[in-house]
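Trainee: Below is a structure I'd like to ask you about.
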Amino acid sequence: MGGPTIREPAVAAVAATVVLVRDGPHGLETLMVVRHHEIDFARGAAVFPGGKLSVSDSDPRIAGRVRGGHLPGEQQFALRVAAVRETFEESGLLLARLGGAMIDGTQRAALHQRWQARVSSGGNAFVDMVCEEDLELALEQLVPYAHWVTPEVSPKRFDTHFFIAAAPPGQVAQHDGSEAVDSFWVRPADALDDCAQRRRTIIFPTLCNLALLAQTGDVAGAVQAARSRPLRRIQPTLGKRADGKLIPVLGPDCGYPELSPDLMNLVAR
């Protein structure tokens, strides 16, 4: 008789996520969207805007639509395009310029009305919008924040690159109603508390990045902290607690603060 079948780990889909931040009346706030309960990943959970890399994110037409024509390497360039595209799809916010100035709230609303449905349908619509509307993507405003890879034991895996950026002034979030059914600005500590009190569902990587974000009090500090710390590839493993439940475990030099026992109880299985 043959031995047990050894399954190869699922291929991790490359994805990009944006931690958009602003200075609110009581300190740093970040934008979160709530995933539709019928989608196949993080259903019903509050997350940062983002999604999988698309072939169109490497469209050569985009190369001439960034400040100074700066390309930080083929994949890093495509990841930043994906981050801007997914943020527009899910929240309506657009990191782009028109005539050399960041687009304002009125311009954003008009672009959203004209293009959101087409962009959400996929294909090259986002690139078409950028070119036809004579936009310049503000890719240089995206600062690498984190890099997370789903554990190998998971049936659905992602290789997710997080970026942080200041929210465009004057723009108002407008979730798409399909992938994202709600959007809201929240202080990182309040989001963690909402999850601990079971008022919101938040997955482990998002909780960890909220805890990291909560260590800074304003946009300038959060962006500078991201620029200063080394970017580590984080791939949690599974450990067993004394009660037999499995919990995600990070390495000792991961750079993340520990989550509270209440939050760890929620991610245990």
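Residue numbers start at 1 in each chain; chains themselves are named A, B, ... in the order of the structure tokens; ligands are numbered from 1 in the order shown.
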Can you tell me, as a VMD selection string, what residues are no more than 10 Å from Val81 of chain A when counting only C-alpha atoms, ignoring any on the same chain fewer than 4 positions away?
Mentor: chain A and resid 16 53 to 54 56 to 59 62 66 75 to 77 85 to 87 95 126 to 127 137 to 139 142
Trainee: Could you name the residues that touch Val47 of chain A at 12 Å or less, counting only C-alpha atoms, but leaving out those on the same chain fewer than 4 positions away, as a ChimeraX atom specification?
Mentor: /A:17-20,30-36,41-43,51,87,90-91,162,179-186,188,191-192,195,200-210
Trainee: Using only C-alpha atoms, which residues sit within 10 Å of His112 of chain A once same-chain residues fewer than 2 positions away are excluded, as a ChimeraX atom specification?
Mentor: /A:88-89,91-94,106-110,114-119,174,176
Trainee: Would you please extract all helix (DSSP H, G or I) residues from segment 74-165 of chain A, as assigned by DSSP on the backbone, and give them as a ChimeraX atom specification?
Mentor: /A:74-91,105-120,125-132,139-141
Trainee: I need the residues of segment 34-224 of chain A that end up classed as strand (DSSP E or B) by DSSP on the backbone, written out as a count of residues only.
Mentor: 39
